[in-house]
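Below is entry-v2.cif, holding mmCIF, C-alpha atoms.
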```
data_work
#
loop_
_atom_site.label_atom_id
_atom_site.label_comp_id
_atom_site.auth_asym_id
_atom_site.auth_seq_id
_atom_site.Cartn_x
_atom_site.Cartn_y
_atom_site.Cartn_z
CA MET C 15 -97.85 -41.94 155.04
CA PRO C 16 -94.92 -44.41 155.10
CA LYS C 17 -94.37 -46.46 151.97
CA VAL C 18 -95.36 -50.13 152.18
CA THR C 19 -92.38 -52.41 151.53
CA ARG C 20 -92.06 -55.82 149.97
CA ASP C 21 -90.82 -57.13 153.33
CA GLN C 22 -94.13 -56.15 154.92
CA VAL C 23 -96.07 -57.97 152.19
CA ALA C 24 -93.94 -61.07 152.73
CA ALA C 25 -94.45 -60.94 156.52
CA LEU C 26 -98.22 -60.64 156.21
CA ALA C 27 -98.41 -63.43 153.62
CA GLY C 28 -96.10 -65.66 155.64
CA THR C 29 -93.61 -66.13 152.83
CA SER C 30 -90.25 -64.81 151.61
CA THR C 31 -89.65 -61.58 149.69
CA ALA C 32 -88.39 -63.70 146.78
CA VAL C 33 -91.79 -65.37 146.50
CA VAL C 34 -93.47 -61.95 146.58
CA SER C 35 -91.22 -60.95 143.66
CA TYR C 36 -92.16 -64.09 141.73
CA VAL C 37 -95.85 -63.24 142.15
CA ILE C 38 -95.43 -59.60 141.14
CA ASN C 39 -93.20 -60.35 138.15
CA ASN C 40 -95.02 -63.56 137.19
CA GLY C 41 -91.77 -65.51 137.50
CA PRO C 42 -89.08 -66.56 136.95
CA ARG C 43 -90.11 -69.40 139.31
CA PRO C 44 -93.63 -70.82 139.66
CA VAL C 45 -95.65 -70.13 142.82
CA ALA C 46 -98.30 -72.48 144.25
CA PRO C 47 -101.86 -71.16 143.74
CA ALA C 48 -102.60 -70.98 147.47
CA THR C 49 -99.37 -69.06 148.15
CA ARG C 50 -100.06 -66.72 145.22
CA GLU C 51 -103.51 -65.96 146.65
CA ARG C 52 -102.02 -65.12 150.08
CA VAL C 53 -99.47 -62.76 148.51
CA GLN C 54 -102.10 -61.04 146.35
CA ALA C 55 -104.38 -60.65 149.38
CA ALA C 56 -101.53 -59.11 151.38
CA ILE C 57 -100.74 -56.71 148.52
CA GLU C 58 -104.36 -55.58 148.40
CA GLN C 59 -104.72 -55.28 152.18
CA LEU C 60 -101.54 -53.20 152.58
CA GLY C 61 -102.03 -51.16 149.40
CA TYR C 62 -98.58 -52.12 148.16
CA ARG C 63 -97.50 -50.57 144.85
CA PRO C 64 -94.59 -52.29 143.09
CA ASP C 65 -91.66 -50.14 141.98
CA SER C 66 -92.04 -50.07 138.19
CA MET C 67 -88.40 -49.12 137.68
CA ALA C 68 -87.25 -52.05 139.80
CA GLN C 69 -89.51 -54.35 137.78
CA ALA C 70 -88.01 -53.00 134.59
CA MET C 71 -84.52 -53.64 135.88
CA ALA C 72 -85.50 -57.19 136.75
CA ARG C 73 -86.72 -57.95 133.25
CA ARG C 74 -84.10 -55.66 131.62
CA ARG C 75 -86.79 -53.73 129.73
CA THR C 76 -89.12 -50.85 130.66
CA ASP C 77 -92.71 -50.22 129.64
CA LEU C 78 -91.55 -47.21 127.64
CA LEU C 79 -91.43 -46.61 123.92
CA GLY C 80 -88.99 -44.04 122.59
CA MET C 81 -89.98 -41.85 119.66
CA VAL C 82 -87.67 -39.39 117.92
CA LEU C 83 -89.20 -36.93 115.45
CA PRO C 84 -88.02 -33.77 113.72
CA ASP C 85 -90.40 -31.16 115.17
CA ALA C 86 -93.57 -31.82 117.20
CA ARG C 87 -94.70 -28.25 116.48
CA GLN C 88 -95.40 -29.23 112.88
CA PRO C 89 -98.99 -30.50 112.68
CA PHE C 90 -98.23 -33.66 110.70
CA PHE C 91 -95.60 -34.87 113.16
CA ALA C 92 -97.84 -33.92 116.08
CA GLU C 93 -100.68 -36.02 114.66
CA LEU C 94 -98.33 -38.91 113.95
CA ALA C 95 -96.93 -38.82 117.49
CA HIS C 96 -100.45 -38.68 118.91
CA ALA C 97 -101.44 -41.74 116.89
CA VAL C 98 -98.39 -43.66 118.17
CA GLU C 99 -99.22 -42.63 121.74
CA ARG C 100 -102.82 -43.88 121.42
CA VAL C 101 -101.65 -47.27 120.16
CA ALA C 102 -98.94 -47.50 122.82
CA PHE C 103 -101.51 -46.77 125.56
CA GLU C 104 -103.63 -49.66 124.29
CA ARG C 105 -100.54 -51.85 124.67
CA GLY C 106 -99.82 -50.68 128.21
CA LYS C 107 -96.83 -48.55 127.20
CA LEU C 108 -95.81 -44.94 127.74
CA VAL C 109 -94.13 -42.87 125.01
CA LEU C 110 -91.04 -40.69 125.46
CA ILE C 111 -90.67 -38.13 122.67
CA GLY C 112 -87.53 -36.30 121.59
CA ASN C 113 -87.45 -33.49 119.03
CA SER C 114 -84.36 -33.49 116.82
CA ASP C 115 -85.10 -30.09 115.23
CA TYR C 116 -83.66 -31.63 112.02
CA VAL C 117 -80.20 -31.71 113.66
CA GLY C 118 -78.31 -34.98 113.29
CA ALA C 119 -76.46 -34.65 116.60
CA ARG C 120 -79.71 -34.16 118.51
CA GLU C 121 -81.30 -37.14 116.76
CA GLU C 122 -78.37 -39.36 117.72
CA HIS C 123 -78.46 -37.99 121.28
CA TYR C 124 -82.09 -39.03 121.78
CA THR C 125 -81.48 -42.35 120.04
CA HIS C 126 -78.64 -43.23 122.41
CA ALA C 127 -80.52 -41.89 125.43
CA PHE C 128 -83.71 -43.86 124.78
CA LEU C 129 -81.92 -47.08 123.98
CA GLY C 130 -79.77 -46.59 127.07
CA MET C 131 -82.97 -46.34 129.12
CA ARG C 132 -83.90 -49.84 127.91
CA VAL C 133 -87.06 -48.78 126.13
CA ALA C 134 -89.27 -51.62 124.94
CA GLY C 135 -88.90 -50.31 121.39
CA LEU C 136 -87.78 -47.25 119.43
CA ILE C 137 -89.74 -45.53 116.66
CA LEU C 138 -87.58 -43.16 114.67
CA ILE C 139 -88.59 -40.47 112.18
CA SER C 140 -85.05 -40.01 111.01
CA GLN C 141 -83.72 -37.07 109.01
CA HIS C 142 -80.06 -37.98 109.13
CA GLY C 143 -77.89 -40.98 109.90
CA ALA C 144 -79.29 -41.93 113.30
CA GLN C 145 -81.15 -44.86 111.78
CA ARG C 146 -77.77 -46.61 111.39
CA VAL C 147 -76.83 -45.77 114.97
CA ALA C 148 -80.19 -47.04 116.20
CA ALA C 149 -79.98 -50.24 114.17
CA ALA C 150 -76.48 -51.09 115.42
CA PHE C 151 -77.13 -50.15 119.04
CA GLY C 152 -80.58 -51.73 119.04
CA GLN C 153 -79.29 -55.06 117.76
CA ASP C 154 -76.65 -55.21 120.47
CA ASP C 155 -79.18 -54.32 123.17
CA GLY C 156 -82.02 -56.46 121.83
CA THR C 157 -84.25 -53.42 121.32
CA ARG C 158 -86.22 -53.33 118.10
CA VAL C 159 -86.12 -50.17 116.03
CA ALA C 160 -88.69 -49.16 113.40
CA LEU C 161 -88.45 -46.23 111.03
CA LEU C 162 -91.64 -44.30 110.40
CA HIS C 163 -92.46 -41.94 107.51
CA ARG C 164 -89.11 -42.44 105.78
CA ARG C 165 -87.64 -45.29 103.74
CA PRO C 166 -84.56 -46.94 105.26
CA ASP C 167 -81.11 -46.98 103.68
CA ASP C 168 -80.87 -50.69 104.41
CA PRO C 169 -83.77 -53.06 103.53
CA ALA C 170 -82.89 -55.03 106.68
CA ASN C 171 -84.26 -52.12 108.74
CA ALA C 172 -87.98 -52.26 109.59
CA ALA C 173 -89.93 -49.25 108.29
CA VAL C 174 -93.48 -47.98 107.78
CA VAL C 175 -94.06 -45.43 105.02
CA THR C 176 -96.69 -43.93 102.72
CA ASP C 177 -96.69 -44.35 98.95
CA ASP C 178 -95.29 -40.84 98.57
CA VAL C 179 -94.51 -41.16 94.85
CA GLY C 180 -97.98 -42.44 94.01
CA GLY C 181 -99.73 -39.90 96.21
CA ALA C 182 -97.92 -36.93 94.67
CA ARG C 183 -98.61 -38.29 91.21
CA LEU C 184 -102.35 -38.41 92.01
CA ALA C 185 -102.40 -34.80 93.22
CA VAL C 186 -100.48 -33.40 90.26
CA ARG C 187 -102.53 -35.37 87.74
CA HIS C 188 -105.63 -33.88 89.31
CA LEU C 189 -104.28 -30.34 88.87
CA LEU C 190 -103.39 -31.16 85.25
CA ASP C 191 -106.93 -32.46 84.69
CA HIS C 192 -108.12 -28.95 85.58
CA GLY C 193 -106.18 -27.67 82.57
CA HIS C 194 -103.08 -26.33 84.31
CA ARG C 195 -99.80 -26.70 82.46
CA ALA C 196 -97.36 -24.83 84.67
CA VAL C 197 -97.64 -26.72 87.98
CA ALA C 198 -94.90 -25.58 90.34
CA CYS C 199 -93.67 -27.87 93.10
CA LEU C 200 -92.66 -26.59 96.51
CA GLY C 201 -90.18 -29.21 97.64
CA ARG C 202 -86.49 -29.93 97.73
CA SER C 203 -84.07 -31.46 95.26
CA ALA C 204 -82.73 -34.94 95.94
CA ALA C 205 -79.24 -33.47 96.34
CA SER C 206 -80.35 -31.38 99.34
CA LEU C 207 -81.98 -34.24 101.27
CA ALA C 208 -80.88 -37.64 102.53
CA PRO C 209 -81.96 -40.70 100.50
CA GLY C 210 -85.34 -42.06 101.51
CA ASP C 211 -86.74 -38.70 102.61
CA PRO C 212 -90.46 -38.62 101.72
CA VAL C 213 -90.13 -35.19 100.12
CA VAL C 214 -87.69 -36.66 97.58
CA ASP C 215 -90.33 -39.24 96.64
CA ARG C 216 -93.07 -36.61 96.44
CA VAL C 217 -90.98 -34.50 94.08
CA GLU C 218 -90.41 -37.63 92.01
CA GLY C 219 -94.17 -38.18 91.83
CA TRP C 220 -94.68 -34.58 90.67
CA ALA C 221 -92.02 -34.99 87.97
CA LEU C 222 -93.53 -38.29 86.80
CA ALA C 223 -97.01 -36.77 86.40
CA MET C 224 -95.58 -33.82 84.46
CA ALA C 225 -93.54 -36.12 82.20
CA GLU C 226 -96.55 -38.35 81.52
CA ALA C 227 -98.43 -35.23 80.40
CA GLY C 228 -95.53 -34.23 78.14
CA LEU C 229 -94.87 -31.08 80.15
CA PRO C 230 -91.50 -29.59 81.14
CA THR C 231 -90.46 -29.14 84.77
CA GLY C 232 -87.55 -26.76 84.21
CA GLY C 233 -87.70 -23.86 86.66
CA LEU C 234 -90.83 -25.20 88.37
CA LEU C 235 -89.19 -27.01 91.30
CA VAL C 236 -88.94 -24.42 94.07
CA GLU C 237 -86.54 -25.17 96.93
CA ALA C 238 -88.76 -24.52 99.93
CA PRO C 239 -88.77 -24.97 103.71
CA PHE C 240 -91.34 -27.36 105.13
CA ASP C 241 -93.19 -25.01 107.51
CA ARG C 242 -95.93 -22.50 106.69
CA PHE C 243 -94.15 -19.43 108.06
CA ARG C 244 -91.09 -19.49 105.83
CA SER C 245 -93.14 -20.89 102.94
CA PHE C 246 -95.36 -17.81 103.23
CA ASP C 247 -92.37 -15.52 102.67
CA LEU C 248 -91.15 -17.61 99.76
CA ALA C 249 -94.63 -17.75 98.17
CA LEU C 250 -94.94 -13.96 98.26
CA GLY C 251 -92.04 -13.76 95.84
CA LEU C 252 -93.13 -16.72 93.71
CA LEU C 253 -96.74 -15.59 93.31
CA GLY C 254 -95.87 -11.93 93.00
CA SER C 255 -93.72 -12.48 89.90
CA ALA C 256 -94.94 -11.85 86.36
CA ASP C 257 -94.45 -15.49 85.35
CA ARG C 258 -96.15 -17.01 88.38
CA PRO C 259 -97.48 -20.55 87.95
CA SER C 260 -101.21 -21.19 87.66
CA ALA C 261 -101.04 -24.11 90.10
CA VAL C 262 -98.79 -25.18 92.97
CA PHE C 263 -98.26 -28.65 94.40
CA CYS C 264 -96.84 -28.48 97.91
CA THR C 265 -94.98 -31.47 99.34
CA THR C 266 -96.44 -30.72 102.79
CA ASP C 267 -99.76 -29.24 103.89
CA ASP C 268 -97.87 -26.81 106.11
CA GLN C 269 -96.27 -25.34 102.97
CA ALA C 270 -99.69 -25.13 101.36
CA MET C 271 -101.01 -23.12 104.33
CA GLY C 272 -98.26 -20.59 103.71
CA VAL C 273 -99.08 -20.45 99.99
CA LEU C 274 -102.79 -19.86 100.68
CA ARG C 275 -101.97 -17.01 103.04
CA ALA C 276 -99.56 -15.45 100.53
CA ALA C 277 -102.17 -15.66 97.76
CA ARG C 278 -104.65 -13.81 99.95
CA GLU C 279 -102.08 -11.13 100.79
CA LEU C 280 -101.47 -10.60 97.06
CA GLY C 281 -105.16 -10.46 96.19
CA LEU C 282 -105.12 -13.76 94.27
CA ARG C 283 -108.26 -15.87 94.40
CA VAL C 284 -107.93 -19.57 95.09
CA PRO C 285 -108.80 -21.52 92.99
CA GLN C 286 -109.84 -18.99 90.31
CA ASP C 287 -106.40 -17.39 89.98
CA LEU C 288 -104.30 -20.10 91.58
CA ALA C 289 -104.92 -23.78 92.28
CA VAL C 290 -103.19 -25.35 95.30
CA ALA C 291 -102.76 -28.95 96.45
CA GLY C 292 -100.86 -30.30 99.44
CA PHE C 293 -99.75 -33.55 101.00
CA ASP C 294 -100.45 -35.06 104.48
CA ASP C 295 -104.13 -34.17 105.09
CA ILE C 296 -103.50 -32.61 108.48
CA SER C 297 -106.64 -31.73 110.43
CA GLU C 298 -106.45 -28.04 109.46
CA ALA C 299 -106.61 -28.89 105.74
CA ALA C 300 -110.40 -29.29 105.82
CA PHE C 301 -110.93 -26.00 107.65
CA CYS C 302 -108.64 -23.53 105.90
CA ASP C 303 -110.09 -21.08 103.34
CA PRO C 304 -110.66 -22.54 100.83
CA PRO C 305 -110.48 -26.11 102.11
CA LEU C 306 -107.31 -27.76 100.84
CA THR C 307 -107.13 -30.55 98.29
CA THR C 308 -104.44 -32.87 99.59
CA VAL C 309 -103.08 -36.40 99.82
CA SER C 310 -103.99 -38.52 102.81
CA SER C 311 -102.42 -41.60 104.36
CA ASP C 312 -103.81 -43.83 107.08
CA ILE C 313 -101.84 -42.43 110.01
CA ASP C 314 -103.60 -44.62 112.57
CA ALA C 315 -102.81 -47.81 110.64
CA MET C 316 -99.20 -46.71 110.13
CA ALA C 317 -98.79 -46.00 113.86
CA ARG C 318 -100.27 -49.39 114.71
CA ALA C 319 -97.91 -51.11 112.28
CA ALA C 320 -94.85 -49.30 113.68
CA VAL C 321 -95.72 -50.18 117.28
CA ALA C 322 -96.33 -53.80 116.30
CA MET C 323 -92.93 -53.93 114.60
CA VAL C 324 -91.11 -53.06 117.82
CA LEU C 325 -93.28 -54.95 120.30
CA ASP C 326 -94.78 -58.05 118.76
CA GLU C 327 -93.30 -61.51 118.75
CA PRO C 328 -92.05 -62.95 116.52
CA ALA C 329 -90.12 -60.23 114.72
CA PRO C 330 -91.54 -59.21 111.32
CA GLU C 331 -90.39 -61.30 108.38
CA ALA C 332 -88.88 -59.74 105.28
CA GLY C 333 -91.00 -59.62 102.14
CA PRO C 334 -90.34 -58.46 98.55
CA ASP C 335 -89.44 -54.98 99.89
CA GLY C 336 -87.44 -56.24 102.86
CA LEU C 337 -89.00 -55.12 106.14
CA LEU C 338 -90.69 -52.13 104.50
CA ARG C 339 -94.46 -51.69 104.86
CA ARG C 340 -95.84 -49.15 102.39
CA PHE C 341 -99.37 -47.85 102.94
CA PRO C 342 -101.41 -46.48 100.00
CA ALA C 343 -102.08 -42.77 99.59
CA THR C 344 -105.50 -41.28 98.79
CA LEU C 345 -106.39 -38.02 97.08
CA VAL C 346 -108.79 -35.93 99.19
CA VAL C 347 -110.54 -33.50 96.85
CA ARG C 348 -111.67 -30.18 98.31
CA ARG C 349 -112.02 -26.68 96.82
CA SER C 350 -108.47 -25.33 96.54
CA CYS C 351 -107.91 -27.23 93.27
CA GLY C 352 -110.98 -25.81 91.53
CA CYS C 353 -113.48 -28.62 92.09
CA ASP C 354 -117.15 -27.95 92.76
CA PRO C 355 -117.89 -27.16 96.42
CA ALA C 356 -120.39 -30.01 96.46
CA VAL C 357 -117.54 -32.52 96.52
CA ASP C 358 -115.92 -30.86 99.53
CA PRO C 359 -116.46 -32.98 102.65
CA PRO C 360 -115.93 -30.85 105.83
CA THR C 361 -114.21 -33.63 107.72
CA ALA C 362 -111.01 -33.85 109.70
CA ARG C 363 -109.00 -36.59 111.34
CA ARG C 364 -109.91 -37.16 114.98
#
```

Since I need it in another form, could you write the structure as structure tokens?
Amino acid sequence: MPKVTRDQVAALAGTSTAVVSYVINNGPRPVAPATRERVQAAIEQLGYRPDSMAQAMARRRTDLLGMVLPDARQPFFAELAHAVERVAFERGKLVLIGNSDYVGAREEHYTHAFLGMRVAGLILISQHGAQRVAAAFGQDDGTRVALLHRRPDDPANAAVVTDDVGGARLAVRHLLDHGHRAVACLGRSAASLAPGDPVVDRVEGWALAMAEAGLPTGGLLVEAPFDRFRSFDLALGLLGSADRPSAVFCTTDDQAMGVLRAARELGLRVPQDLAVAGFDDISEAAFCDPPLTTVSSDIDAMARAAVAMVLDEPAPEAGPDGLLRRFPATLVVRRSCGCDPAVDPPTARR
């Protein structure tokens, strides 16, 4: 079936193609109500479908949001991306997603590509220096950029984060309240990660809770990957040693999944022989065996805030923390820490 053209709409409505464009794009010039009705009737009669790319070129902005994240295979990032997509759909936008695989060059590639496509906004879960590239390029192009999940280097950059320090502190205090004194932390040292990385803040929260309890942390910070598969291999060695810790705080739930599997392989009972707590409250956390005590943040609210930062007018105003919005963290108590099963709610994020 041949494609209906704008010329055909104009001929049927008895007007020019320019007027048809003004009706479709709602401007830039006003159209008389009677003429607008004739054009809309012609569009409906002919079944004309405007070229969305041409419309985007006309207004110099598409209906796309760009989102760059480290690895969509990791459950937390998958849930975060899904939350952003739901909010974007409500706003009439589509989301383009690029996976950086924790590689700076790939992150910058997607950043440049999305901004070059004139996305309506860019949401960046940055692991390297692409936030500076995005900020500079975005300002020149008029595209707003918001960081998600990680604090910015520059307070002038808009960002949405969780209270990672406070959340980790809650989890570790809870393990200490169960009587544990050697609480290991699966994380990364500040020297091995870029400033603002949430894992750095979570390790800081662990160290604060230990210091407040008057307990040493020497030898208890374990440099660990963030995924369950490599964390499983690492945990086999950690838990199989003679001086294994009695409790482990994991800076991601994915790490905690690997620790739980390693404990089972070694014949250790959780929580009787080993207490485990995680961070992120991914959907699987409520359904693993035993259900995982973890730290939760309001992912839906964070996604909504990030989308609003890049789309809403006027631009967000700086507050005491610049353009940073920090959402509170909540401890979700389940059985892996040693609490009574009666307090374990079998719920998951939907």

Nearest residue to Leu250 of chain C from the set C:Val214, C:Val37, C:Leu280, C:Leu229 (distances using only C-alpha atoms): C:Leu280

Separation of atom CA of Ala261 of chain C from atom CA of Glu218 of chain C in Å: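 Taking atom CA of Glu218 of chain C and atom CA of Ala261 of chain C, their separation equals 17.3 Å.
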
Atomic separation - atom CA of Asp247 of chain C relative to atom CA of Val82 of chain C, Å: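 If I compute the distance from atom CA of Val82 of chain C to atom CA of Asp247 of chain C, I get 28.7 Å.
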
So that all listed atoms of segment 313-330 of chain C fit with 8 Å spare on each side, what axis-aligned box centre and edge lengths in Å, to one decimal, would you give as JSON?
```
{"center_x": -96.9, "center_y": -52.7, "center_z": 115.2, "size_x": 29.5, "size_y": 36.5, "size_z": 26.3}
```

Proximity to Ala249 of chain C - best of C:Ala276, C:Ala223, C:Phe263, C:Phe341, all atoms listed in the file: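 Checking each candidate against Ala249 of chain C, we get C:Ala276 as the closest.
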
Residues near segment 283-285 of chain C, cut-off 10 Å, all atoms listed in the file, skip fewer than 6 positions along chain, as a list in words: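 Residues meeting the cut-off are Ser260, Ala261, Leu274, Ala277, Asp303, Pro304, Pro305, Arg349, Ser350, Cys351, Gly352 and Cys353 of chain C.
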
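Shortest atom-to-atom contact with Thr266 of chain C among C:Thr19, C:Ser245, C:Gln54, C:Ser114: C:Ser245, counting all atoms listed in the file.
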